[in-house]
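What follows is a single structure, written as structure tokens, with notes after it.
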Amino acid sequence: MLLRMRLTPAIILIALLVQPLSAVPSPDFDESGAVDFTDFLLFVSAFGAREGQERYDTKYDLNGDGAIGFGDFLLFASSFGRTVEFLRNATTYQQFVKAKEYGTEPILPDFSYSGYHYFNKPVPDVAHPVFDVTTYGAIPNDDVSDQPAIVRAIAAAEENGRGIVFFPPGVFLVNTDADKNDAGYNEPIYIYSSNIVLRGSGSRTGGTIIRMVNYMSPLPDRPAYVPSMFNFQPVSFARSTLARITESAERETFWITVEDASRLSVGQWIWVSVNTVEEEAINEFIAPLQSASGLRELFEVGLDIREEHSIAEIQGNRVRLNAPLHTHINHAYNWGVQSLPHLEEVGVEDISFHGSFFESFVHHLNLIHNAGWKPLAFNRCVNSWVRRVSFMHVSGALGFTASAASSVYQVTIAGNKGHYAFNSQGSYGIWFGLSEDIAGQAPYSTAPLIDAQRNTRAIPGQHHGTGMSHVSTGNVIYRYDMSPDQPLDIHKTDPSYANLYDLVNNGRLSGSSGGGVEPHHLRRLVFWNYNHGGAVTHYDFWRGYLKFLYPIIVGFHGNPATFEESNLEILESNGEAVAPESLFDAQLELRLGTLPAWVKNLRTEWEAIRNTPLTISNSKPSNFGAGLTVDSKAFSPNIYSCY
């Protein structure tokens, strides 16, 4: 195993102590299933013996040096009190557990705080007052726009202070020609209040379909930006500086110290952030690389690092966060605390969102292909969710921006291939799991699956697989099924750090990165038990198009591949899956003491959901409009980044 870390004496000791069971004889000498006092007595009886002596027995020579001595004792002591099952866990995970016990810095981030309310409780089945869209004039399946009625139902729920905007079974149309404003633009739908849930009657056959008849138009004052159809966001994005951080803090810890905490309060959501062009500061973030590492543009533009957090406790000028920092804070570089305007407890569930994108996708052909068919976006939302939802014939499915502690699960992306799947932009702890991308695959796709730029058959799945950009951290992609050779998506605009791909099935680790400044990802990008479906046979993450800074790869299996190991922080068990099966599950169980039954039940529910057919909508509605003509020659990738 290859290790690169900021070494301290405690971490050096832990690295010595923790060894994979397969590399040494088992310290469970009596084969009882646990390393206990009986094993200690057996070990003592052979201590001090050397090879050739009567008392020497190879099973006690844990380091294999021909003598039973202090080195073997350290290895034995590191296992004392452990079950054999634990000792079979990957070395990297054992180090994480040891670091938690010793209070030292773990190699792995603690990803168990991603998701709704930091995964301390399940997403609720809220019982707010119901605002049925048919009460406000919507009629399913009548081929007439339902957008005005939907807007009225949302407004009534917002005026009430909370509510479920309910959609009965059937097809509801939005973004028709009738919905254009006086200037000829289609209007997006905004939800500006917390505690609003859009709830349908199911995302599969017999459920609710919300159908975008036309694509969304660029905003008049932002001609290179196309909004999503439904947008959850606060009325104002204005943020203010609340405090200056005056002491340094280590990554994976919870406390920050500020000059003045008078503007902070328990439960408040904040940004912990720094924006710097200082060479020494940037060198800390890219260490052990240095200024001369070929990242000239990064040192010109600088780094914008920020994490979204909520406050758990305030003691004088010390502030405890509910979730761990995933980066080291050096107070010398002007770190601060800013306000985070946000919505909370908003969600979407049991709805199928359909676009009308029936063309063969061409990357960056125009704004229609790039972003015209985006149904759903969450901007500055915390403790929120999307679940039991499907997307069909869309250019982009779903995005979370500057959000935190939210869950997305049991999602299917299908129909014609489009631009991107799911993305987290500048968000902390978005948990995206138990989902699949089958775009471009029969029977739901109708457009030819071609790569018009290369005149070849295209790869199924959205062009950009699920991923992140713009300083996202602590995000988890969990038990997610990609298409076989689909690239994951890590954009290099404002590099992200400390994110996890956990038990992802299929896909490849390269090929999709967008515009911006290198690197694409800073330290601690973790691939855990990744089942490789790509045709790539060798990865070098610091050459060519993609630049990931020392990723951690454990249990990589599936289609075999080798790695340039000098550019990795850890490579453990290449070619074979490891225990624990899921890093997220194991870390959550370690934190909570047990893996909650409702977490396990989500997996069972997902298998039932995904085996229920989707409703096919492979024809244009009768009122399909011409929409807005976009001149592909006027499209500029430099103006309109991949999203």
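Labeling convention for the structure tokens: chains A, B, ... as they appear, residues from 1 per chain, ligands from 1 in order of appearance.
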
DSSP strand (DSSP E or B) residues within region 461-583 of chain A, as a ChimeraX atom specification: /A:464,467-469,473,476-478,481,487,489-490,496-497,499-502,505,508,521,525-528,531-532,538-539,548,552-554,557-558,562-563,570-572,579

Determine which residues of region 533-617 of chain A receive a DSSP assignment of helix (DSSP H, G or I), computed from the backbone, and state them as an mmCIF file with N, CA and C atoms, in the first residue's frame.
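Generated output (part.cif):
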```cif
data_model
loop_
_atom_site.group_PDB
_atom_site.id
_atom_site.type_symbol
_atom_site.label_atom_id
_atom_site.label_comp_id
_atom_site.auth_asym_id
_atom_site.auth_seq_id
_atom_site.Cartn_x
_atom_site.Cartn_y
_atom_site.Cartn_z
ATOM 1 N N GLU A 565 1.470 4.974 -9.651
ATOM 2 C CA GLU A 565 1.364 4.991 -8.193
ATOM 3 C C GLU A 565 2.035 6.201 -7.558
ATOM 4 N N SER A 566 2.989 6.798 -8.236
ATOM 5 C CA SER A 566 3.642 7.972 -7.657
ATOM 6 C C SER A 566 2.687 9.152 -7.555
ATOM 7 N N ASN A 567 1.560 9.098 -8.273
ATOM 8 C CA ASN A 567 0.575 10.172 -8.234
ATOM 9 C C ASN A 567 -0.656 9.815 -7.414
ATOM 10 N N LEU A 583 -17.641 2.138 2.497
ATOM 11 C CA LEU A 583 -16.964 3.019 3.446
ATOM 12 C C LEU A 583 -17.976 3.892 4.168
ATOM 13 N N PHE A 584 -18.962 4.420 3.443
ATOM 14 C CA PHE A 584 -19.962 5.273 4.091
ATOM 15 C C PHE A 584 -20.708 4.504 5.179
ATOM 16 N N ASP A 585 -21.192 3.297 4.859
ATOM 17 C CA ASP A 585 -21.916 2.502 5.853
ATOM 18 C C ASP A 585 -21.054 2.247 7.084
ATOM 19 N N ALA A 586 -19.780 1.891 6.854
ATOM 20 C CA ALA A 586 -18.893 1.563 7.973
ATOM 21 C C ALA A 586 -18.637 2.788 8.846
ATOM 22 N N GLN A 587 -18.408 3.943 8.222
ATOM 23 C CA GLN A 587 -18.159 5.155 9.008
ATOM 24 C C GLN A 587 -19.409 5.591 9.762
ATOM 25 N N LEU A 588 -20.575 5.439 9.132
ATOM 26 C CA LEU A 588 -21.821 5.792 9.822
ATOM 27 C C LEU A 588 -22.066 4.864 11.003
ATOM 28 N N GLU A 589 -21.828 3.578 10.800
ATOM 29 C CA GLU A 589 -22.001 2.620 11.898
ATOM 30 C C GLU A 589 -21.033 2.907 13.033
ATOM 31 N N LEU A 590 -19.804 3.272 12.699
ATOM 32 C CA LEU A 590 -18.823 3.605 13.732
ATOM 33 C C LEU A 590 -19.275 4.825 14.523
ATOM 34 N N ARG A 591 -19.813 5.815 13.852
ATOM 35 C CA ARG A 591 -20.232 7.047 14.539
ATOM 36 C C ARG A 591 -21.484 6.840 15.374
ATOM 37 N N LEU A 592 -22.478 6.112 14.834
ATOM 38 C CA LEU A 592 -23.755 5.960 15.531
ATOM 39 C C LEU A 592 -23.803 4.752 16.449
ATOM 40 N N ALA A 597 -31.667 0.621 10.861
ATOM 41 C CA ALA A 597 -32.453 -0.268 9.997
ATOM 42 C C ALA A 597 -33.006 0.485 8.797
ATOM 43 N N TRP A 598 -33.347 1.772 8.983
ATOM 44 C CA TRP A 598 -33.931 2.521 7.864
ATOM 45 C C TRP A 598 -32.920 2.724 6.740
ATOM 46 N N VAL A 599 -31.625 2.745 7.077
ATOM 47 C CA VAL A 599 -30.605 2.843 6.033
ATOM 48 C C VAL A 599 -30.587 1.561 5.205
ATOM 49 N N LYS A 600 -30.637 0.428 5.873
ATOM 50 C CA LYS A 600 -30.671 -0.847 5.163
ATOM 51 C C LYS A 600 -31.940 -0.968 4.327
ATOM 52 N N ASN A 601 -33.055 -0.470 4.848
ATOM 53 C CA ASN A 601 -34.324 -0.586 4.136
ATOM 54 C C ASN A 601 -34.330 0.202 2.827
ATOM 55 N N LEU A 602 -33.563 1.281 2.767
ATOM 56 C CA LEU A 602 -33.497 2.057 1.531
ATOM 57 C C LEU A 602 -33.012 1.197 0.370
ATOM 58 N N ARG A 603 -32.092 0.296 0.637
ATOM 59 C CA ARG A 603 -31.571 -0.577 -0.417
ATOM 60 C C ARG A 603 -32.644 -1.538 -0.905
ATOM 61 N N THR A 604 -33.411 -2.103 0.014
ATOM 62 C CA THR A 604 -34.491 -3.015 -0.366
ATOM 63 C C THR A 604 -35.561 -2.276 -1.177
ATOM 64 N N GLU A 605 -35.907 -1.076 -0.728
ATOM 65 C CA GLU A 605 -36.898 -0.269 -1.438
ATOM 66 C C GLU A 605 -36.434 0.043 -2.859
ATOM 67 N N TRP A 606 -35.154 0.341 -3.009
ATOM 68 C CA TRP A 606 -34.626 0.718 -4.317
ATOM 69 C C TRP A 606 -34.733 -0.437 -5.305
ATOM 70 N N GLU A 607 -34.473 -1.643 -4.873
ATOM 71 C CA GLU A 607 -34.578 -2.780 -5.783
ATOM 72 C C GLU A 607 -36.004 -2.947 -6.285
ATOM 73 N N ALA A 608 -36.980 -2.708 -5.428
ATOM 74 C CA ALA A 608 -38.378 -2.800 -5.855
ATOM 75 C C ALA A 608 -38.732 -1.668 -6.810
ATOM 76 N N ILE A 609 -38.247 -0.465 -6.521
ATOM 77 C CA ILE A 609 -38.559 0.691 -7.365
ATOM 78 C C ILE A 609 -37.957 0.531 -8.755
ATOM 79 N N ARG A 610 -36.691 0.178 -8.834
ATOM 80 C CA ARG A 610 -36.014 0.141 -10.127
ATOM 81 C C ARG A 610 -36.538 -0.989 -11.008
#
```

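Compared by their closest atoms to Trp271 (chain A), and using only C-alpha atoms, the residues A:Glu284, A:Asp540, A:Glu308, A:Glu247 rank with A:Glu308 nearest.
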
Within 12 Å of region 334-338 of chain A using only C-alpha atoms, minus same-chain residues under 5 positions, as number ranges by chain: A: 237-249, 256-261, 263-264, 268-278, 281, 304-311, 319, 321, 327-329

Would you output that residue set with C-alpha atoms, as a PDB file, in the first residue's frame?
```pdb
ATOM      1  CA  PHE A 237     -28.269  35.440  -1.994  1.00  0.00           C
ATOM      2  CA  ALA A 238     -26.667  38.364  -0.147  1.00  0.00           C
ATOM      3  CA  ARG A 239     -24.115  37.240   2.407  1.00  0.00           C
ATOM      4  CA  SER A 240     -22.116  39.146   4.973  1.00  0.00           C
ATOM      5  CA  THR A 241     -18.942  38.529   6.940  1.00  0.00           C
ATOM      6  CA  LEU A 242     -19.794  37.580  10.530  1.00  0.00           C
ATOM      7  CA  ALA A 243     -16.430  36.874  12.142  1.00  0.00           C
ATOM      8  CA  ARG A 244     -12.723  36.450  11.552  1.00  0.00           C
ATOM      9  CA  ILE A 245     -11.046  33.156  12.442  1.00  0.00           C
ATOM     10  CA  THR A 246      -8.115  33.787  14.755  1.00  0.00           C
ATOM     11  CA  GLU A 247      -6.685  30.323  15.448  1.00  0.00           C
ATOM     12  CA  SER A 248      -5.729  27.450  13.182  1.00  0.00           C
ATOM     13  CA  ALA A 249      -7.763  24.229  13.121  1.00  0.00           C
ATOM     14  CA  ILE A 256     -13.027  27.020  15.186  1.00  0.00           C
ATOM     15  CA  THR A 257     -11.982  30.097  17.152  1.00  0.00           C
ATOM     16  CA  VAL A 258     -13.155  33.547  16.092  1.00  0.00           C
ATOM     17  CA  GLU A 259     -12.280  37.062  17.150  1.00  0.00           C
ATOM     18  CA  ASP A 260     -15.881  37.919  18.068  1.00  0.00           C
ATOM     19  CA  ALA A 261     -18.782  35.444  18.188  1.00  0.00           C
ATOM     20  CA  ARG A 263     -23.080  37.642  15.484  1.00  0.00           C
ATOM     21  CA  LEU A 264     -23.133  33.850  15.640  1.00  0.00           C
ATOM     22  CA  GLN A 268     -27.065  29.099  12.393  1.00  0.00           C
ATOM     23  CA  TRP A 269     -25.827  28.106   8.929  1.00  0.00           C
ATOM     24  CA  ILE A 270     -22.537  29.641   7.882  1.00  0.00           C
ATOM     25  CA  TRP A 271     -19.767  29.520   5.336  1.00  0.00           C
ATOM     26  CA  VAL A 272     -16.241  28.864   6.631  1.00  0.00           C
ATOM     27  CA  SER A 273     -14.106  30.263   3.859  1.00  0.00           C
ATOM     28  CA  VAL A 274     -10.908  31.778   2.524  1.00  0.00           C
ATOM     29  CA  ASN A 275     -10.057  33.366  -0.801  1.00  0.00           C
ATOM     30  CA  THR A 276      -6.359  33.625  -1.387  1.00  0.00           C
ATOM     31  CA  VAL A 277      -3.710  34.194  -4.025  1.00  0.00           C
ATOM     32  CA  GLU A 278      -0.862  33.841  -1.522  1.00  0.00           C
ATOM     33  CA  ALA A 281      -1.365  29.294   1.230  1.00  0.00           C
ATOM     34  CA  ASP A 304     -11.561  30.014  -3.172  1.00  0.00           C
ATOM     35  CA  ILE A 305     -12.150  27.459  -0.396  1.00  0.00           C
ATOM     36  CA  ARG A 306     -15.451  27.307   1.474  1.00  0.00           C
ATOM     37  CA  GLU A 307     -17.498  24.824   3.475  1.00  0.00           C
ATOM     38  CA  GLU A 308     -21.156  25.095   4.469  1.00  0.00           C
ATOM     39  CA  HIS A 309     -21.659  24.313   8.172  1.00  0.00           C
ATOM     40  CA  SER A 310     -24.204  24.647  10.964  1.00  0.00           C
ATOM     41  CA  ILE A 311     -23.274  25.672  14.497  1.00  0.00           C
ATOM     42  CA  VAL A 319     -17.526  27.626  17.946  1.00  0.00           C
ATOM     43  CA  LEU A 321     -19.614  22.771  14.166  1.00  0.00           C
ATOM     44  CA  THR A 327      -9.627  21.074   5.274  1.00  0.00           C
ATOM     45  CA  HIS A 328      -6.885  22.469   7.481  1.00  0.00           C
ATOM     46  CA  ILE A 329      -7.444  26.084   8.522  1.00  0.00           C
TER      47      ILE A 329
END
```

Pick from A:Tyr497, A:Asn574, A:Leu549, A:Cys381 nearest to Ala287 (chain A), counting only C-alpha atoms: A:Leu549

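Among the candidate residues A:Asn559, A:Ser510, A:Thr208, A:Arg387, the one lying nearest to Tyr545 (chain A) is A:Ser510, with distances computed using only C-alpha atoms.
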
Residue neighbourhood Ala421 (chain A), 10 Å, only C-alpha atoms, exclusion window fewer than 3 positions, as number ranges by chain: A: 391, 394-399, 412-414, 417-418, 436-437, 439, 461-467, 482, 488-489

Mind dumping the selected residues with C-alpha atoms as a compact mmCIF listing (two decimals), in the first residue's frame?
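Saved file part_31.txt follows:
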```txt
# COMPACT_ATOMS: atom_id res chain seq x y z
CA PHE A 391 -35.86 11.99 -15.30
CA VAL A 394 -33.34 15.80 -20.28
CA SER A 395 -30.09 17.62 -20.98
CA GLY A 396 -29.40 17.86 -17.26
CA ALA A 397 -31.22 16.09 -14.46
CA LEU A 398 -30.52 17.66 -11.10
CA GLY A 399 -28.07 19.99 -9.39
CA THR A 412 -33.36 7.01 -12.43
CA ILE A 413 -32.08 9.03 -15.38
CA ALA A 414 -33.41 7.57 -18.65
CA LYS A 417 -28.76 10.85 -23.80
CA GLY A 418 -28.16 14.39 -22.59
CA GLU A 436 -28.91 4.75 -11.90
CA ASP A 437 -28.14 6.41 -15.22
CA ALA A 439 -29.93 7.34 -20.56
CA GLY A 461 -25.46 7.45 -20.08
CA GLN A 462 -25.39 11.21 -19.79
CA HIS A 463 -22.30 12.77 -21.35
CA HIS A 464 -21.05 13.82 -17.92
CA GLY A 465 -21.61 11.21 -15.25
CA THR A 466 -22.47 12.13 -11.72
CA GLY A 467 -19.94 14.44 -10.10
CA MET A 482 -23.33 4.29 -14.19
CA LEU A 488 -17.51 10.36 -14.00
CA ASP A 489 -17.61 14.14 -13.87
```

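Here CA of Ile368 (chain A) is placed at a distance of 9.4 Å from CA of Pro218 (chain A).
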
Counting only C-alpha atoms, what are the residues of region 516-629 of chain A within 9 Å of region 188-205 of chain A, and for each of them which pair of atoms is the nearest and at what distance in Å, to one decimal? Sort the table by chain and rising number, as a tab-separated table.
```
residue	atom	partner	partner_atom	distance
A:Ile609	CA	A:Arg204	CA	7.9
A:Arg610	CA	A:Arg204	CA	8.7
A:Thr612	CA	A:Arg204	CA	6.5
A:Pro613	CA	A:Thr205	CA	5.9
A:Leu614	CA	A:Arg204	CA	4.4
A:Thr615	CA	A:Thr205	CA	4.9
A:Ile616	CA	A:Thr205	CA	8.6
```

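As for CA of Gly302 (chain A) and CA of Gly515 (chain A), they are spaced 16.0 Å apart.
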
Polymer residues at most 6 Å from Asp502 (chain A), only C-alpha atoms, same-chain spacing of 2 or more positions, as an MDAnalysis selection string: chainID A and resid 477:478 500 504 528

May I have the residues from that selection written out with C-alpha atoms, as a PDB file, in the first residue's frame?
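Saved the output as again.pdb:
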```
ATOM      1  CA  ILE A 477     -21.801   9.002  -4.484  1.00  0.00           C
ATOM      2  CA  TYR A 478     -23.169   5.765  -2.985  1.00  0.00           C
ATOM      3  CA  LEU A 500     -16.193   9.821  -2.034  1.00  0.00           C
ATOM      4  CA  VAL A 504     -20.058   2.787  -7.707  1.00  0.00           C
ATOM      5  CA  TRP A 528     -13.869   2.789  -2.463  1.00  0.00           C
TER       6      TRP A 528
END
```
